[in-house]
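What follows is a set of notes on a single structure, which appears directly below.
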2 protein chains.
Amino acid sequence: MDQTTRIVRAFEDAGYQTTPSRRLLAELVAGSRGHFSAADLLDRARQRRAKVGRATIFRALELLTSLHVVERLDLPNRSHAYVMCDPDEHHHHLVCSRCGRSVDVADGELARLVDEIGRRNGYRIETHRLELFGICPLCAGTGAAAAVAADRGGPA
Amino acid sequence: MDQTTRIVRAFEDAGYQTTPSRRLLAELVAGSRGHFSAADLLDRARQRRAKVGRATIFRALELLTSLHVVERLDLPNRSHAYVMCDPDEHHHHLVCSRCGRSVDVADGELARLVDEIGRRNGYRIETHRLELFGICPLCAGTGAAAAVAADRGGPA
DNA sequence: CCCCGGATGAGACTGAGTATCAGGCAAGCC
DNA sequence: GGCTTGCCTGATACTCAGTCTCATCCGGGG
Ligand SMILES: [Zn+2]
Ligand SMILES: [Zn+2]
Ligand SMILES: [Zn+2]
Ligand SMILES: [Zn+2]
């Protein structure tokens with residue numbers, strides 16, 4: 001099942017209608033290389049001469065976020081963007097500051113660390129957010145790129 | 001040296017002028033209990049019948065952020081706020097979701113963890129952000145509150 | 001095929017943040 | 001203390017992401 005279908009399915013499974021707009025947005029999201037903003041999607045939709053309202057894009061992104069199909073990032077430059085996301089378990093994102101490509105990072109030891117910080121300060125911790133920014137192997141363009149890409153089955 | 005003076009000093013030390021507006025904002029920031037937004041400061045300034053422009057507040061907060069006197073938070077509810085901040089070393093914030101009071105948290109083991117995540121994925125990590133949200137001892141209102149407060153010399 | 005509640009798009013609206021610019025004033029210099 | 005210069009300021013206009021409204025549309029169950 002390809003990414004687009006997976007996203008459409010997510011809408012269905014959650015009891016939402018399948019509409020042309022949502023199918024289009026699923027394609028656009030699935031076709032994104034790095035992170036993307038609502039405005040990006042709108043541009044790409046317009047390039048395809050597709051008619052979709054701004055509000056619809058925001059609504060779809062909101063839904064997809066609540067379904068954990070995408071996650072909203074707060075970039076260091078103060079803007080926002082979304083990345084596709086493994087819906088199945090809590091994790092964080094390692095984002096390339098150049099191309100926006102993102103890797104899911106398991107919480108791992110962090111959970112323990114967060115827990116301990118809460119205990120030490122007497123806070124009952126409800127949520128936490130970890131965002132990592134750096135240069136991805138592809139953008140660094142070194143031999144490391146090939147090595148890691150091979151590990152993962154090649155560039156997205 | 002009290003907090004207000006410390007902030008004014010930060011401006012001076014960085015070579016910026018000391019002006020009535022900046023003194024006022026230093027007071028307002030220093031007098032903040034939890035986190036605060038530009039709009040909060042504007043309100044409190046107006047309450048004092050002080051004349052200060054909106055733009056000036058944004059400019060001051062931008063400066064103070066660059067001087068690491070305050071840090072800008074991205075709250076879970078999508079809004080932004082600032083908290084006062086130890087300017088001396090890299091750290092993160094544990095923020096009360098109810099009252100906004102914030103505790104500085106040393107990076108500690110996180111540095112190692114971040115490093116390892118970068119290595120494992122072939123990214124050269126440039127920056128990271130960790131934000132923790134929960135209920136502070138004071139808001140939880142349990143015996144824990146008194147204990148931790150005593151540890152720290154009482155409520156701010 | 002019908003119906004209806006969910007979905008849509010156009011466009012108005014909000015509110016945070018930015019840009020501009022003429023005037024003000026801090027601070028170093030004499 | 002006055003002078004000068006360049007940083008700083010407030011007012012105002014502006015931008016732009018995101019939200020709201022509402023008349024219309026249409027997916028999909030019956
Ligand atoms: Zn990259
Ligand atoms: Zn986590
Ligand atoms: Zn609290
Ligand atoms: Zn850190």
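Labeling convention for the structure tokens: chains A, B, ... as they appear, residues from 1 per chain, ligands from 1 in order of appearance.
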Show me which residues are within 8 Å of ligand 3 counting only C-alpha atoms (C1' of nucleotides) and all ligand atoms, and format the list as a ChimeraX atom specification. /B:95-101,135-140
Near region 14-28 of chain C, counting only C-alpha atoms (C1' of nucleotides), which residues have an atom at most 9 Å away, once you skip same-chain residues fewer than 5 positions from it, shown as a PyMOL selection string? (chain B and resi 17-19+55+58) or (chain D and resi 7-9+12-15+18-19)
Least-squares superpose chain B on chain A across all ordered C-alpha pairs, then write out what you get as a PDB file with C-alpha atoms, in the first residue's frame.
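Output contents, as saved in selection32.pdb:
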ATOM      1  CA  MET B   1       0.014  -0.020   0.046  1.00  0.00           C
ATOM      2  CA  ASP B   2       1.534   3.265  -0.988  1.00  0.00           C
ATOM      3  CA  GLN B   3       1.738   6.355   1.162  1.00  0.00           C
ATOM      4  CA  THR B   4      -1.182   8.112  -0.496  1.00  0.00           C
ATOM      5  CA  THR B   5      -3.465   5.181   0.117  1.00  0.00           C
ATOM      6  CA  ARG B   6      -2.257   4.893   3.657  1.00  0.00           C
ATOM      7  CA  ILE B   7      -3.272   8.472   4.314  1.00  0.00           C
ATOM      8  CA  VAL B   8      -6.663   8.131   2.652  1.00  0.00           C
ATOM      9  CA  ARG B   9      -7.173   4.992   4.693  1.00  0.00           C
ATOM     10  CA  ALA B  10      -6.375   6.900   7.856  1.00  0.00           C
ATOM     11  CA  PHE B  11      -9.262   9.253   7.120  1.00  0.00           C
ATOM     12  CA  GLU B  12     -11.631   6.370   6.468  1.00  0.00           C
ATOM     13  CA  ASP B  13     -10.588   4.381   9.498  1.00  0.00           C
ATOM     14  CA  ALA B  14     -11.260   7.364  11.694  1.00  0.00           C
ATOM     15  CA  GLY B  15     -14.734   7.679  10.243  1.00  0.00           C
ATOM     16  CA  TYR B  16     -14.183  10.691   7.998  1.00  0.00           C
ATOM     17  CA  GLN B  17     -15.455  10.917   4.453  1.00  0.00           C
ATOM     18  CA  THR B  18     -13.232  10.337   1.468  1.00  0.00           C
ATOM     19  CA  THR B  19     -13.483  13.405  -0.727  1.00  0.00           C
ATOM     20  CA  PRO B  20     -11.604  14.634  -3.778  1.00  0.00           C
ATOM     21  CA  SER B  21      -9.951  17.353  -1.723  1.00  0.00           C
ATOM     22  CA  ARG B  22      -8.727  14.905   0.849  1.00  0.00           C
ATOM     23  CA  ARG B  23      -7.465  12.531  -1.825  1.00  0.00           C
ATOM     24  CA  LEU B  24      -5.591  15.392  -3.439  1.00  0.00           C
ATOM     25  CA  LEU B  25      -4.070  16.451  -0.157  1.00  0.00           C
ATOM     26  CA  ALA B  26      -3.114  12.870   0.628  1.00  0.00           C
ATOM     27  CA  GLU B  27      -1.216  12.787  -2.662  1.00  0.00           C
ATOM     28  CA  LEU B  28       0.489  16.079  -2.014  1.00  0.00           C
ATOM     29  CA  VAL B  29       1.499  15.100   1.492  1.00  0.00           C
ATOM     30  CA  ALA B  30       2.706  11.703   0.364  1.00  0.00           C
ATOM     31  CA  GLY B  31       4.684  13.325  -2.426  1.00  0.00           C
ATOM     32  CA  SER B  32       6.509  15.677  -0.104  1.00  0.00           C
ATOM     33  CA  ARG B  33      10.219  15.177   0.184  1.00  0.00           C
ATOM     34  CA  GLY B  34      10.945  17.152   3.279  1.00  0.00           C
ATOM     35  CA  HIS B  35       8.712  19.085   5.572  1.00  0.00           C
ATOM     36  CA  PHE B  36       5.991  21.255   4.144  1.00  0.00           C
ATOM     37  CA  SER B  37       3.668  24.025   5.194  1.00  0.00           C
ATOM     38  CA  ALA B  38       0.037  24.702   4.438  1.00  0.00           C
ATOM     39  CA  ALA B  39       1.201  27.304   1.946  1.00  0.00           C
ATOM     40  CA  ASP B  40       3.424  24.747   0.191  1.00  0.00           C
ATOM     41  CA  LEU B  41       0.497  22.420  -0.305  1.00  0.00           C
ATOM     42  CA  LEU B  42      -1.630  25.256  -1.607  1.00  0.00           C
ATOM     43  CA  ASP B  43       1.059  26.157  -4.143  1.00  0.00           C
ATOM     44  CA  ARG B  44       1.443  22.629  -5.349  1.00  0.00           C
ATOM     45  CA  ALA B  45      -2.313  22.243  -5.626  1.00  0.00           C
ATOM     46  CA  ARG B  46      -2.496  25.407  -7.711  1.00  0.00           C
ATOM     47  CA  GLN B  47       0.290  24.148  -9.959  1.00  0.00           C
ATOM     48  CA  ARG B  48      -1.878  21.146 -10.735  1.00  0.00           C
ATOM     49  CA  ARG B  49      -4.725  23.511 -11.515  1.00  0.00           C
ATOM     50  CA  ALA B  50      -6.599  21.826  -8.692  1.00  0.00           C
ATOM     51  CA  LYS B  51      -9.283  23.821  -6.995  1.00  0.00           C
ATOM     52  CA  VAL B  52      -8.934  23.605  -3.250  1.00  0.00           C
ATOM     53  CA  GLY B  53      -9.613  26.214  -0.622  1.00  0.00           C
ATOM     54  CA  ARG B  54      -7.083  27.425   1.843  1.00  0.00           C
ATOM     55  CA  ALA B  55      -9.337  26.599   4.747  1.00  0.00           C
ATOM     56  CA  THR B  56      -9.678  23.017   3.534  1.00  0.00           C
ATOM     57  CA  ILE B  57      -5.933  22.570   3.662  1.00  0.00           C
ATOM     58  CA  PHE B  58      -5.732  23.836   7.209  1.00  0.00           C
ATOM     59  CA  ARG B  59      -8.631  21.617   8.168  1.00  0.00           C
ATOM     60  CA  ALA B  60      -7.057  18.539   6.613  1.00  0.00           C
ATOM     61  CA  LEU B  61      -3.709  19.186   8.253  1.00  0.00           C
ATOM     62  CA  GLU B  62      -5.422  19.628  11.571  1.00  0.00           C
ATOM     63  CA  LEU B  63      -7.174  16.298  11.137  1.00  0.00           C
ATOM     64  CA  LEU B  64      -4.081  14.483   9.955  1.00  0.00           C
ATOM     65  CA  THR B  65      -2.240  15.865  12.935  1.00  0.00           C
ATOM     66  CA  SER B  66      -4.867  14.594  15.326  1.00  0.00           C
ATOM     67  CA  LEU B  67      -4.632  11.195  13.605  1.00  0.00           C
ATOM     68  CA  HIS B  68      -0.853  11.321  13.984  1.00  0.00           C
ATOM     69  CA  VAL B  69      -0.365  10.920  10.268  1.00  0.00           C
ATOM     70  CA  VAL B  70       1.609  14.124  10.189  1.00  0.00           C
ATOM     71  CA  GLU B  71       3.247  16.065  12.954  1.00  0.00           C
ATOM     72  CA  ARG B  72       3.572  19.778  13.269  1.00  0.00           C
ATOM     73  CA  LEU B  73       7.064  21.138  13.792  1.00  0.00           C
ATOM     74  CA  ASP B  74       8.145  24.465  15.209  1.00  0.00           C
ATOM     75  CA  LEU B  75      11.180  25.320  13.158  1.00  0.00           C
ATOM     76  CA  PRO B  76      14.053  27.292  14.646  1.00  0.00           C
ATOM     77  CA  ASN B  77      13.299  30.174  12.273  1.00  0.00           C
ATOM     78  CA  ARG B  78       9.899  30.595  13.944  1.00  0.00           C
ATOM     79  CA  SER B  79       7.883  29.183  11.092  1.00  0.00           C
ATOM     80  CA  HIS B  80       5.827  26.028  11.162  1.00  0.00           C
ATOM     81  CA  ALA B  81       5.859  22.947   9.030  1.00  0.00           C
ATOM     82  CA  TYR B  82       4.519  19.439   8.951  1.00  0.00           C
ATOM     83  CA  VAL B  83       6.244  16.124   8.366  1.00  0.00           C
ATOM     84  CA  MET B  84       4.849  12.700   7.729  1.00  0.00           C
ATOM     85  CA  CYS B  85       4.982  10.570  10.724  1.00  0.00           C
ATOM     86  CA  ASP B  86       4.742   7.005  11.951  1.00  0.00           C
ATOM     87  CA  PRO B  87       1.332   7.026  13.635  1.00  0.00           C
ATOM     88  CA  ASP B  88       2.026   3.975  15.751  1.00  0.00           C
ATOM     89  CA  GLU B  89       4.191   5.089  18.587  1.00  0.00           C
ATOM     90  CA  HIS B  90       5.448   8.118  20.407  1.00  0.00           C
ATOM     91  CA  HIS B  91       8.628   9.441  18.869  1.00  0.00           C
ATOM     92  CA  HIS B  92      10.438  12.601  17.856  1.00  0.00           C
ATOM     93  CA  HIS B  93      11.916  14.083  14.714  1.00  0.00           C
ATOM     94  CA  LEU B  94      15.374  14.724  13.451  1.00  0.00           C
ATOM     95  CA  VAL B  95      15.016  17.322  10.725  1.00  0.00           C
ATOM     96  CA  CYS B  96      17.484  18.453   8.099  1.00  0.00           C
ATOM     97  CA  SER B  97      17.881  22.208   8.339  1.00  0.00           C
ATOM     98  CA  ARG B  98      18.710  22.367   4.671  1.00  0.00           C
ATOM     99  CA  CYS B  99      16.265  20.096   2.807  1.00  0.00           C
ATOM    100  CA  GLY B 100      13.709  19.452   5.506  1.00  0.00           C
ATOM    101  CA  ARG B 101      13.867  15.675   5.250  1.00  0.00           C
ATOM    102  CA  SER B 102      13.018  14.163   8.567  1.00  0.00           C
ATOM    103  CA  VAL B 103      13.788  10.937  10.367  1.00  0.00           C
ATOM    104  CA  ASP B 104      11.647   9.487  13.113  1.00  0.00           C
ATOM    105  CA  VAL B 105      13.568   8.956  16.318  1.00  0.00           C
ATOM    106  CA  ALA B 106      12.359   6.552  18.970  1.00  0.00           C
ATOM    107  CA  ASP B 107      11.935   7.994  22.417  1.00  0.00           C
ATOM    108  CA  GLY B 108      14.236   5.395  23.914  1.00  0.00           C
ATOM    109  CA  GLU B 109      16.152   6.520  26.957  1.00  0.00           C
ATOM    110  CA  LEU B 110      14.512   9.908  26.803  1.00  0.00           C
ATOM    111  CA  ALA B 111      11.401   8.624  28.515  1.00  0.00           C
ATOM    112  CA  ARG B 112      13.435   7.693  31.556  1.00  0.00           C
ATOM    113  CA  LEU B 113      15.268  11.002  31.505  1.00  0.00           C
ATOM    114  CA  VAL B 114      12.044  12.984  31.249  1.00  0.00           C
ATOM    115  CA  ASP B 115      10.579  10.994  34.067  1.00  0.00           C
ATOM    116  CA  GLU B 116      13.532  11.689  36.281  1.00  0.00           C
ATOM    117  CA  ILE B 117      13.473  15.406  35.530  1.00  0.00           C
ATOM    118  CA  GLY B 118       9.832  15.526  36.510  1.00  0.00           C
ATOM    119  CA  ARG B 119      10.437  13.698  39.747  1.00  0.00           C
ATOM    120  CA  ARG B 120      13.408  15.830  40.670  1.00  0.00           C
ATOM    121  CA  ASN B 121      11.380  19.015  40.283  1.00  0.00           C
ATOM    122  CA  GLY B 122       8.114  17.777  41.664  1.00  0.00           C
ATOM    123  CA  TYR B 123       6.267  18.275  38.384  1.00  0.00           C
ATOM    124  CA  ARG B 124       3.787  15.768  37.056  1.00  0.00           C
ATOM    125  CA  ILE B 125       4.908  15.754  33.447  1.00  0.00           C
ATOM    126  CA  GLU B 126       2.164  15.587  30.875  1.00  0.00           C
ATOM    127  CA  THR B 127       3.895  15.975  27.546  1.00  0.00           C
ATOM    128  CA  HIS B 128       7.303  16.657  26.170  1.00  0.00           C
ATOM    129  CA  ARG B 129       8.704  17.668  22.856  1.00  0.00           C
ATOM    130  CA  LEU B 130      12.156  17.023  21.481  1.00  0.00           C
ATOM    131  CA  GLU B 131      13.179  18.426  18.131  1.00  0.00           C
ATOM    132  CA  LEU B 132      16.576  17.877  16.587  1.00  0.00           C
ATOM    133  CA  PHE B 133      17.939  19.917  13.717  1.00  0.00           C
ATOM    134  CA  GLY B 134      21.003  19.267  11.648  1.00  0.00           C
ATOM    135  CA  ILE B 135      22.351  18.421   8.225  1.00  0.00           C
ATOM    136  CA  CYS B 136      21.260  15.126   6.718  1.00  0.00           C
ATOM    137  CA  PRO B 137      23.681  12.745   5.031  1.00  0.00           C
ATOM    138  CA  LEU B 138      22.342  13.615   1.592  1.00  0.00           C
ATOM    139  CA  CYS B 139      22.889  17.322   2.120  1.00  0.00           C
ATOM    140  CA  ALA B 140      26.279  16.762   3.719  1.00  0.00           C
ATOM    141  CA  GLY B 141      27.089  14.922   0.520  1.00  0.00           C
ATOM    142  CA  THR B 142      29.870  12.848   2.014  1.00  0.00           C
ATOM    143  CA  GLY B 143      30.499   9.131   1.780  1.00  0.00           C
ATOM    144  CA  ALA B 144      28.378   8.874   4.891  1.00  0.00           C
ATOM    145  CA  ALA B 145      25.385   9.649   2.724  1.00  0.00           C
ATOM    146  CA  ALA B 146      25.729   6.546   0.610  1.00  0.00           C
ATOM    147  CA  ALA B 147      26.354   4.364   3.626  1.00  0.00           C
ATOM    148  CA  VAL B 148      23.314   5.487   5.562  1.00  0.00           C
ATOM    149  CA  ALA B 149      21.131   5.595   2.456  1.00  0.00           C
ATOM    150  CA  ALA B 150      22.022   1.983   1.717  1.00  0.00           C
ATOM    151  CA  ASP B 151      21.134   1.066   5.293  1.00  0.00           C
ATOM    152  CA  ARG B 152      17.688   2.475   4.788  1.00  0.00           C
ATOM    153  CA  GLY B 153      17.010   1.279   1.279  1.00  0.00           C
ATOM    154  CA  GLY B 154      17.964   4.485  -0.488  1.00  0.00           C
ATOM    155  CA  PRO B 155      16.633   8.051  -0.607  1.00  0.00           C
ATOM    156  CA  ALA B 156      12.896   8.484  -0.178  1.00  0.00           C
TER     157      ALA B 156
END
Write out as a list in words each polymer residue whose atoms come within 12 Å of DG30 (chain D), counting only C-alpha atoms (C1' of nucleotides); drop sequence neighbours fewer than 3 positions from it. DC1, DC2, DC3 and DC4 of chain C
Who sits within 10 Å of region 1-3 of chain D, only C-alpha atoms (C1' of nucleotides), same chain under 2 positions skipped, as a list of chain:residue names: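 Using only C-alpha atoms (C1' of nucleotides), the neighbours found are C:DC29, C:DC30, D:DT5.
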Residues of region 34-85 of chain B classed as helix (DSSP H, G or I) by DSSP on the backbone are to be reported as number ranges by chain. B: 38-47, 54-66
